[in-house]
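*Asks:* Pasting work.cif below, which is mmCIF, C-alpha atoms and all ligand atoms.
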data_my_file
#
loop_
_atom_site.label_atom_id
_atom_site.label_comp_id
_atom_site.auth_asym_id
_atom_site.auth_seq_id
_atom_site.Cartn_x
_atom_site.Cartn_y
_atom_site.Cartn_z
CA MET A 452 105.38 30.79 61.99
CA GLY A 453 101.66 31.37 62.44
CA ALA A 454 98.76 29.00 61.99
CA LEU A 455 98.19 27.62 58.51
CA PRO A 456 95.56 29.39 56.42
CA HIS A 457 92.22 27.75 55.75
CA LEU A 458 92.04 26.77 52.08
CA LEU A 459 88.74 27.49 50.37
CA LEU A 460 88.46 25.69 47.04
CA PHE A 461 85.66 27.02 44.86
CA ASP A 462 84.01 25.30 41.95
CA ILE A 463 83.03 27.76 39.18
CA ASP A 464 79.91 26.84 37.19
CA GLY A 465 76.74 26.71 39.25
CA THR A 466 78.67 27.77 42.37
CA LEU A 467 80.21 31.18 41.61
CA LEU A 468 78.56 32.00 38.32
CA ASN A 469 76.24 30.90 35.59
CA THR A 470 77.34 31.57 32.00
CA GLY A 471 73.80 31.27 30.67
CA GLY A 472 74.84 28.17 28.75
CA ALA A 473 77.80 29.91 27.06
CA GLY A 474 80.18 27.13 28.08
CA MET A 475 77.98 24.27 26.90
CA ARG A 476 77.22 26.04 23.62
CA ALA A 477 80.94 26.64 23.06
CA PHE A 478 81.59 22.92 23.49
CA ALA A 479 78.90 22.00 20.96
CA LEU A 480 79.97 24.70 18.47
CA ALA A 481 83.61 23.61 18.60
CA LEU A 482 82.62 19.99 18.00
CA GLU A 483 80.42 20.92 15.02
CA HIS A 484 83.12 23.22 13.65
CA LEU A 485 86.02 20.77 13.90
CA TYR A 486 84.31 17.41 13.41
CA PRO A 487 81.19 17.93 11.27
CA GLU A 488 81.26 14.44 9.77
CA GLN A 489 81.68 12.64 13.07
CA VAL A 490 78.96 14.75 14.68
CA ALA A 491 76.60 13.99 11.78
CA ALA A 492 77.42 10.29 12.01
CA CYS A 493 76.39 10.39 15.69
CA GLY A 494 73.10 12.09 14.76
CA GLY A 495 74.23 15.34 16.41
CA VAL A 496 76.52 16.37 19.24
CA PRO A 497 76.62 13.45 21.70
CA ASP A 498 74.75 13.89 24.99
CA ILE A 499 77.09 15.34 27.57
CA ASP A 500 76.78 15.25 31.34
CA PHE A 501 78.44 18.59 32.02
CA ALA A 502 77.61 19.22 35.67
CA GLY A 503 80.68 18.57 37.79
CA SER A 504 82.59 16.83 35.01
CA THR A 505 86.05 17.91 33.93
CA ASP A 506 86.51 19.34 30.45
CA SER A 507 89.16 16.73 29.68
CA GLY A 508 86.84 13.96 30.91
CA ILE A 509 84.07 15.29 28.66
CA VAL A 510 86.41 15.46 25.68
CA MET A 511 87.63 11.90 26.31
CA GLY A 512 84.04 10.66 26.39
CA ILE A 513 83.03 12.53 23.24
CA PHE A 514 86.08 11.44 21.26
CA ALA A 515 85.30 7.84 22.25
CA LYS A 516 81.64 8.17 21.24
CA MET A 517 82.64 9.67 17.91
CA GLY A 518 85.21 6.94 17.32
CA MET A 519 88.09 9.41 17.26
CA GLU A 520 91.65 8.95 18.32
CA ASP A 521 92.42 10.84 21.55
CA SER A 522 95.77 12.63 21.63
CA GLY A 523 97.30 15.65 23.29
CA ALA A 524 97.49 17.41 19.94
CA GLU A 525 93.81 16.75 19.15
CA ARG A 526 92.72 17.93 22.60
CA ALA A 527 94.77 21.11 22.18
CA ARG A 528 93.08 21.76 18.82
CA PHE A 529 89.66 21.22 20.39
CA TYR A 530 90.40 23.45 23.42
CA ALA A 531 91.61 26.29 21.13
CA SER A 532 88.34 26.19 19.19
CA TYR A 533 86.29 25.85 22.39
CA LEU A 534 87.99 28.94 23.86
CA ASP A 535 87.33 30.94 20.66
CA PHE A 536 83.62 30.13 20.87
CA LEU A 537 83.52 30.66 24.63
CA ARG A 538 84.98 34.16 24.21
CA LEU A 539 82.38 34.96 21.54
CA ASN A 540 79.50 33.52 23.56
CA LEU A 541 80.43 35.33 26.77
CA GLY A 542 80.62 38.62 24.87
CA GLU A 543 77.25 38.24 23.17
CA PRO A 544 74.76 40.89 24.21
CA GLY A 545 72.02 39.24 26.23
CA ALA A 546 74.11 36.13 26.87
CA GLY A 547 72.24 35.89 30.15
CA GLY A 548 75.05 34.84 32.47
CA SER A 549 75.81 36.36 35.85
CA LEU A 550 77.56 35.93 39.14
CA LEU A 551 75.36 33.98 41.53
CA ASP A 552 73.73 35.51 44.60
CA GLY A 553 76.14 36.61 47.31
CA VAL A 554 79.30 35.67 45.43
CA ALA A 555 80.73 39.18 44.91
CA GLU A 556 80.08 40.11 48.54
CA LEU A 557 81.43 36.82 49.90
CA LEU A 558 84.66 37.00 47.89
CA GLY A 559 85.10 40.64 48.87
CA LYS A 560 84.69 39.83 52.56
CA LEU A 561 87.04 36.85 52.36
CA GLN A 562 89.70 39.10 50.90
CA GLY A 563 89.08 41.83 53.48
CA ASN A 564 91.00 42.52 56.66
CA ASP A 565 88.81 40.27 58.80
CA TYR A 566 90.13 37.20 57.01
CA ASP A 567 93.52 38.43 55.94
CA ASN A 568 96.16 35.68 56.08
CA ARG A 569 93.71 33.24 57.66
CA VAL A 570 91.87 32.25 54.49
CA LEU A 571 93.33 31.44 51.10
CA SER A 572 90.88 31.17 48.21
CA GLY A 573 91.51 29.13 45.10
CA LEU A 574 89.67 27.30 42.35
CA LEU A 575 88.95 23.59 42.11
CA THR A 576 87.11 23.24 38.83
CA GLY A 577 86.53 20.93 35.90
CA ASN A 578 87.18 23.84 33.55
CA ILE A 579 90.49 23.84 31.74
CA ALA A 580 92.69 26.59 33.21
CA ALA A 581 92.28 28.94 30.25
CA GLY A 582 88.49 28.51 30.33
CA ALA A 583 88.39 29.10 34.09
CA THR A 584 90.37 32.31 33.66
CA MET A 585 88.18 33.45 30.76
CA LYS A 586 84.99 32.92 32.78
CA THR A 587 86.23 34.44 36.04
CA ASP A 588 87.80 37.39 34.17
CA HIS A 589 84.57 38.00 32.28
CA TYR A 590 82.60 38.27 35.52
CA GLY A 591 85.31 40.28 37.29
CA ILE A 592 86.31 37.80 40.03
CA SER A 593 89.60 36.26 38.82
CA GLY A 594 91.63 38.47 41.17
CA TYR A 595 90.17 36.77 44.24
CA PHE A 596 91.75 33.39 43.45
CA HIS A 597 95.44 32.83 44.11
CA PHE A 598 95.81 29.30 42.75
CA GLY A 599 93.75 26.56 41.18
CA ALA A 600 93.42 22.96 40.04
CA TYR A 601 91.76 22.54 36.67
CA GLY A 602 90.18 20.12 34.25
CA ASP A 603 93.36 19.90 32.22
CA ASP A 604 95.36 18.78 35.26
CA HIS A 605 93.45 15.47 35.33
CA HIS A 606 90.32 14.06 33.71
CA ASP A 607 89.14 12.65 37.06
CA ARG A 608 87.88 15.39 39.37
CA ASN A 609 88.67 13.20 42.38
CA GLN A 610 92.38 13.62 41.60
CA LEU A 611 92.27 17.43 41.65
CA GLY A 612 92.20 18.10 45.41
CA PRO A 613 95.87 17.27 46.07
CA VAL A 614 96.83 19.32 43.00
CA ALA A 615 95.02 22.32 44.47
CA VAL A 616 96.77 21.92 47.84
CA GLN A 617 100.14 21.63 46.11
CA ARG A 618 99.46 24.82 44.11
CA ALA A 619 98.34 26.60 47.29
CA SER A 620 101.61 25.60 48.95
CA GLY A 621 103.54 26.98 45.98
CA PHE A 622 101.69 30.27 46.22
CA TRP A 623 102.05 30.50 50.00
CA GLY A 624 105.70 29.47 50.06
CA GLN A 625 105.07 26.86 52.74
CA ASP A 626 103.80 23.26 52.78
CA LEU A 627 100.04 23.48 53.33
CA SER A 628 99.27 19.76 53.23
CA ALA A 629 98.19 19.97 56.90
CA ALA A 630 96.01 23.05 56.37
CA PRO A 631 92.23 22.84 56.83
CA VAL A 632 90.47 22.60 53.46
CA THR A 633 86.90 23.28 52.43
CA VAL A 634 85.55 22.52 48.96
CA ILE A 635 82.56 24.58 47.84
CA GLY A 636 80.58 23.21 44.90
CA ASP A 637 77.15 22.58 43.43
CA THR A 638 77.21 18.92 42.39
CA VAL A 639 77.51 15.43 43.84
CA LYS A 640 80.85 15.24 42.01
CA ASP A 641 82.14 18.15 44.11
CA ILE A 642 81.13 16.25 47.26
CA ARG A 643 82.93 13.10 46.06
CA CYS A 644 85.97 15.13 45.05
CA ALA A 645 86.21 16.62 48.56
CA ARG A 646 85.83 13.21 50.20
CA ALA A 647 88.59 11.82 47.97
CA PHE A 648 91.19 13.93 49.79
CA GLY A 649 89.57 14.29 53.19
CA ALA A 650 88.33 17.86 52.76
CA ARG A 651 85.25 19.38 54.32
CA VAL A 652 82.57 20.14 51.73
CA VAL A 653 79.93 22.82 51.37
CA ALA A 654 77.27 21.88 48.81
CA VAL A 655 75.31 24.77 47.32
CA ALA A 656 72.08 24.10 45.45
CA SER A 657 72.59 27.06 43.13
CA GLY A 658 73.39 24.91 40.09
CA CYS A 659 71.25 22.26 38.44
CA ILE A 660 71.35 19.65 41.23
CA PRO A 661 68.34 19.89 43.57
CA VAL A 662 68.94 20.29 47.28
CA HIS A 663 67.43 16.88 48.19
CA GLU A 664 69.85 15.11 45.84
CA LEU A 665 72.84 16.91 47.36
CA ALA A 666 71.51 16.12 50.84
CA ALA A 667 71.50 12.40 50.02
CA HIS A 668 75.29 12.58 49.68
CA GLU A 669 75.70 14.12 53.12
CA PRO A 670 77.84 17.22 52.59
CA ASP A 671 79.14 18.78 55.81
CA ILE A 672 77.19 21.95 55.07
CA LEU A 673 74.26 22.26 52.66
CA LEU A 674 73.08 25.67 51.46
CA GLU A 675 70.34 26.76 49.06
CA SER A 676 72.67 29.52 47.81
CA LEU A 677 75.53 31.75 48.94
CA GLY A 678 73.07 34.66 49.08
CA ASP A 679 73.08 35.22 52.86
CA VAL A 680 76.78 36.02 53.13
CA ASP A 681 76.93 36.49 56.90
CA ALA A 682 75.18 33.14 57.40
CA VAL A 683 77.64 31.50 54.98
CA LEU A 684 80.62 32.95 56.84
CA SER A 685 79.20 31.83 60.14
CA GLN A 686 78.53 28.31 58.82
CA LEU A 687 82.09 28.16 57.50
CA GLN A 688 83.33 28.97 61.03
CA LEU A 689 86.26 30.92 59.70
CA ALA A 690 85.77 33.79 62.10
MG MG A 701 79.72 23.26 39.18
#
Could you express the structure from this file as structure tokens?
*Replies:*
Amino acid sequence: MGALPHLLLFDIDGTLLNTGGAGMRAFALALEHLYPEQVAACGGVPDIDFAGSTDSGIVMGIFAKMGMEDSGAERARFYASYLDFLRLNLGEPGAGGSLLDGVAELLGKLQGNDYDNRVLSGLLTGNIAAGATMKTDHYGISGYFHFGAYGDDHHDRNQLGPVAVQRASGFWGQDLSAAPVTVIGDTVKDIRCARAFGARVVAVASGCIPVHELAAHEPDILLESLGDVDAVLSQLQLA
């Protein structure tokens, strides 16, 4: 049996792509659609700290702020409405979203012969699985990811790393708990999530967190963007 593959766990929003606010708007629209009275009683959709949070964590917080009972059935109803609005928003002409610099080229190279069987790419995201698939499908990159851990696996992002490794093992058909792991994300929460399971972390300042704030949390590698793909690959030391 050969060496274990290097697991690359990518965050989605602010790291791979930017939906132009489609995701946040879908959240707000679903809340206004399903719970107009509670939203009005709060004086509008409650403030939400989206960056790096899990969808289930956000929903828990909003239900609490709106004084609503949290249940699996209610979350499922909310997610169904959220996904309806997300699909509509992503499809709107001029929605303004895009893949971020370098992402298409980087994913293509990681899947190419140079890295074949040495790198295994997956998702580690706060998005619920169906939302992650909708976003990555919309921007044409879902085929690059072989497994994932999602915001409906746990509300605490720091619990998602081991889930991702377990899913990678299932895909690979071999226990990968000893494999090298790198988390790639755009927020302080991605850095903390990587630390929580002993992974290396690449912080990319392509989302809404400025580079100096990411630097303060001492990621192993800090990049302004993924735009210079050869430099990214060399920093990752996968070659
Ligand atoms: Mg992000």
*Asks:* What does the distance between CA of Gly599 in chain A and CA of Ala647 in chain A come to in Å, to one decimal place?
*Replies:*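 Interatomic distance here is 17.0 Å.
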*Asks:* Quick one: everything within 12 Å of Leu571 in chain A, counting all atoms listed in the file, minus sequence neighbours fewer than 6 positions away in the same chain. Send it as a PyMOL selection string.
*Replies:* chain A and resi 455-461+558+561-563+595-599+615-616+618-620+622-623+627+630-633+689
*Asks:* Could you list, as a ChimeraX atom specification, every residue within 10 Å of Gly474 in chain A, counting all atoms listed in the file and ignoring same-chain residues fewer than 3 positions away?
*Replies:* /A:464,469-471,477-480,501,533-534,536-538,540-541,578,582,586
*Asks:* At a cut-off of 8 Å, can you tabulate as JSON lines every residue of chain A near ligand MG 701 (chain A) together with its closest atom pair and the distance in Å to one decimal, using all atoms listed in the file and ordering rows by chain then number?
*Replies:*
{"residue": "A:Asp462", "atom": "CA", "partner": "A:MG701", "partner_atom": "MG", "distance": 5.5}
{"residue": "A:Ile463", "atom": "CA", "partner": "A:MG701", "partner_atom": "MG", "distance": 5.6}
{"residue": "A:Asp464", "atom": "CA", "partner": "A:MG701", "partner_atom": "MG", "distance": 4.1}
{"residue": "A:Gly465", "atom": "CA", "partner": "A:MG701", "partner_atom": "MG", "distance": 4.6}
{"residue": "A:Thr466", "atom": "CA", "partner": "A:MG701", "partner_atom": "MG", "distance": 5.6}
{"residue": "A:Ala502", "atom": "CA", "partner": "A:MG701", "partner_atom": "MG", "distance": 5.8}
{"residue": "A:Gly503", "atom": "CA", "partner": "A:MG701", "partner_atom": "MG", "distance": 5.0}
{"residue": "A:Thr576", "atom": "CA", "partner": "A:MG701", "partner_atom": "MG", "distance": 7.4}
{"residue": "A:Gly577", "atom": "CA", "partner": "A:MG701", "partner_atom": "MG", "distance": 7.9}
{"residue": "A:Gly636", "atom": "CA", "partner": "A:MG701", "partner_atom": "MG", "distance": 5.8}
{"residue": "A:Asp637", "atom": "CA", "partner": "A:MG701", "partner_atom": "MG", "distance": 5.0}
{"residue": "A:Thr638", "atom": "CA", "partner": "A:MG701", "partner_atom": "MG", "distance": 6.0}
{"residue": "A:Asp641", "atom": "CA", "partner": "A:MG701", "partner_atom": "MG", "distance": 7.5}
{"residue": "A:Gly658", "atom": "CA", "partner": "A:MG701", "partner_atom": "MG", "distance": 6.6}
*Asks:* From the set A:Asp588, A:Asp552, A:Ala629, A:Arg643, which residue has the shortest atom-to-atom contact distance to Val680 in chain A, counting only C-alpha atoms?
*Replies:* A:Asp552
*Asks:* For a test of reading the model, state the distance in Å between CA of Thr587 in chain A and CA of Gly624 in chain A, rounded to one decimal.
*Replies:*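 Separating CA of Thr587 in chain A from CA of Gly624 in chain A is a distance of 24.5 Å.
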*Asks:* Point out the residue among A:Glu488, A:Gly494, A:Ser504, A:Val639 with the least atom-to-atom distance to Met475 in chain A, counting all atoms listed in the file.
*Replies:*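 Among the listed residues, A:Ser504 lies closest to Met475 in chain A.
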*Asks:* Calculated over only C-alpha atoms, which of the candidates A:Val570, A:Ile509, A:Val653, A:Leu539 has the smallest distance to Arg608 in chain A?
*Replies:*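 The shortest atom-to-atom distance to Arg608 in chain A comes from A:Ile509.
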*Asks:* How many Å separate CA of Ala654 in chain A from CA of Glu669 in chain A?
*Replies:*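 For CA of Ala654 in chain A relative to CA of Glu669 in chain A, the distance reads 9.0 Å.
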*Asks:* Select all residues near (79.6, 12.5, 14.6) (cut-off 12 Å, inclusive, file coordinates), counting all atoms listed in the file, and output them as a ChimeraX atom specification.
*Replies:* /A:479,482-498,513-519
*Asks:* Which is closest to Asp679 in chain A among A:Gly649, A:Gly472, A:Glu556, A:Tyr530, if we use only C-alpha atoms?
*Replies:* A:Glu556
*Asks:* Nearest to Ile660 in chain A among A:Asp565, A:Glu675, A:Asp604, A:Asp506, with distances taken over only C-alpha atoms: which residue is it?
*Replies:*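 Closest candidate: A:Glu675.
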*Asks:* Which polymer residues, protein or nucleic acid, are no farther than 8 Å from (72.7, 21.9, 54.1), counting only C-alpha atoms, as a PyMOL selection string?
*Replies:* chain A and resi 653-655+662+666+670-675
*Asks:* Taking only N, CA and C atoms, show range 572-610 of chain A of the given structure as a tab-separated table (two decimals), in the first residue's frame.
*Replies:*
chain	number	residue	atom	x	y	z
A	572	SER	N	-9.12	16.04	-2.65
A	572	SER	CA	-9.78	17.30	-2.32
A	572	SER	C	-11.21	17.06	-1.86
A	573	GLY	N	-11.58	17.75	-0.80
A	573	GLY	CA	-12.95	17.69	-0.29
A	573	GLY	C	-13.38	19.04	0.23
A	574	LEU	N	-14.59	19.10	0.74
A	574	LEU	CA	-15.14	20.35	1.27
A	574	LEU	C	-15.23	20.28	2.79
A	575	LEU	N	-14.94	21.39	3.42
A	575	LEU	CA	-15.18	21.53	4.87
A	575	LEU	C	-15.84	22.89	5.01
A	576	THR	N	-17.15	22.89	5.10
A	576	THR	CA	-17.90	24.14	4.93
A	576	THR	C	-19.05	24.23	5.92
A	577	GLY	N	-19.40	25.46	6.25
A	577	GLY	CA	-20.58	25.68	7.09
A	577	GLY	C	-21.89	25.56	6.35
A	578	ASN	N	-21.82	25.50	5.01
A	578	ASN	CA	-23.04	25.30	4.23
A	578	ASN	C	-23.66	23.94	4.53
A	579	ILE	N	-24.98	23.88	4.55
A	579	ILE	CA	-25.61	22.56	4.57
A	579	ILE	C	-25.22	21.85	3.25
A	580	ALA	N	-25.23	20.52	3.27
A	580	ALA	CA	-24.74	19.76	2.12
A	580	ALA	C	-25.45	20.15	0.83
A	581	ALA	N	-26.78	20.29	0.89
A	581	ALA	CA	-27.53	20.61	-0.33
A	581	ALA	C	-27.18	22.01	-0.84
A	582	GLY	N	-26.91	22.93	0.07
A	582	GLY	CA	-26.52	24.29	-0.33
A	582	GLY	C	-25.11	24.30	-0.92
A	583	ALA	N	-24.22	23.50	-0.33
A	583	ALA	CA	-22.85	23.40	-0.85
A	583	ALA	C	-22.87	22.86	-2.27
A	584	THR	N	-23.68	21.82	-2.49
A	584	THR	CA	-23.77	21.23	-3.82
A	584	THR	C	-24.37	22.22	-4.81
A	585	MET	N	-25.41	22.95	-4.37
A	585	MET	CA	-26.05	23.92	-5.27
A	585	MET	C	-25.05	24.99	-5.69
A	586	LYS	N	-24.28	25.50	-4.73
A	586	LYS	CA	-23.31	26.55	-5.05
A	586	LYS	C	-22.17	26.02	-5.94
A	587	THR	N	-21.60	24.88	-5.58
A	587	THR	CA	-20.46	24.39	-6.36
A	587	THR	C	-20.91	23.90	-7.74
A	588	ASP	N	-22.13	23.36	-7.83
A	588	ASP	CA	-22.68	22.99	-9.14
A	588	ASP	C	-22.85	24.24	-10.00
A	589	HIS	N	-23.42	25.28	-9.39
A	589	HIS	CA	-23.72	26.50	-10.16
A	589	HIS	C	-22.45	27.07	-10.79
A	590	TYR	N	-21.35	26.99	-10.06
A	590	TYR	CA	-20.10	27.56	-10.58
A	590	TYR	C	-19.20	26.51	-11.23
A	591	GLY	N	-19.74	25.30	-11.42
A	591	GLY	CA	-19.06	24.29	-12.23
A	591	GLY	C	-17.87	23.60	-11.59
A	592	ILE	N	-17.82	23.55	-10.24
A	592	ILE	CA	-16.64	22.94	-9.60
A	592	ILE	C	-16.98	21.75	-8.71
A	593	SER	N	-18.25	21.32	-8.68
A	593	SER	CA	-18.61	20.25	-7.72
A	593	SER	C	-17.85	18.96	-8.00
A	594	GLY	N	-17.51	18.71	-9.28
A	594	GLY	CA	-16.84	17.46	-9.64
A	594	GLY	C	-15.44	17.31	-9.08
A	595	TYR	N	-14.86	18.39	-8.57
A	595	TYR	CA	-13.50	18.31	-8.04
A	595	TYR	C	-13.46	17.77	-6.61
A	596	PHE	N	-14.62	17.72	-5.95
A	596	PHE	CA	-14.63	17.37	-4.53
A	596	PHE	C	-15.24	16.00	-4.33
A	597	HIS	N	-14.50	15.12	-3.66
A	597	HIS	CA	-14.89	13.73	-3.54
A	597	HIS	C	-15.64	13.41	-2.26
A	598	PHE	N	-15.62	14.33	-1.31
A	598	PHE	CA	-16.28	14.10	-0.02
A	598	PHE	C	-16.42	15.47	0.64
A	599	GLY	N	-17.14	15.51	1.75
A	599	GLY	CA	-17.28	16.79	2.44
A	599	GLY	C	-17.84	16.63	3.83
A	600	ALA	N	-17.61	17.66	4.65
A	600	ALA	CA	-18.27	17.80	5.95
A	600	ALA	C	-19.00	19.14	5.89
A	601	TYR	N	-20.22	19.16	6.40
A	601	TYR	CA	-21.13	20.27	6.11
A	601	TYR	C	-21.79	20.82	7.37
A	602	GLY	N	-22.42	21.97	7.16
A	602	GLY	CA	-23.07	22.66	8.28
A	602	GLY	C	-24.28	21.95	8.85
A	603	ASP	N	-24.76	20.92	8.18
A	603	ASP	CA	-25.82	20.13	8.81
A	603	ASP	C	-25.27	18.86	9.47
A	604	ASP	N	-23.95	18.68	9.44
A	604	ASP	CA	-23.36	17.58	10.22
A	604	ASP	C	-23.20	18.00	11.69
A	605	HIS	N	-22.91	19.27	11.92
A	605	HIS	CA	-22.80	19.79	13.29
A	605	HIS	C	-22.90	21.30	13.24
A	606	HIS	N	-23.46	21.90	14.30
A	606	HIS	CA	-23.59	23.37	14.30
A	606	HIS	C	-22.26	24.04	14.65
A	607	ASP	N	-21.33	23.27	15.24
A	607	ASP	CA	-20.04	23.83	15.64
A	607	ASP	C	-18.99	23.45	14.59
A	608	ARG	N	-18.49	24.45	13.90
A	608	ARG	CA	-17.51	24.17	12.83
A	608	ARG	C	-16.31	23.38	13.35
A	609	ASN	N	-15.94	23.61	14.61
A	609	ASN	CA	-14.77	22.92	15.16
A	609	ASN	C	-14.96	21.41	15.29
A	610	GLN	N	-16.18	20.94	15.09
A	610	GLN	CA	-16.44	19.49	15.14
A	610	GLN	C	-16.40	18.86	13.74
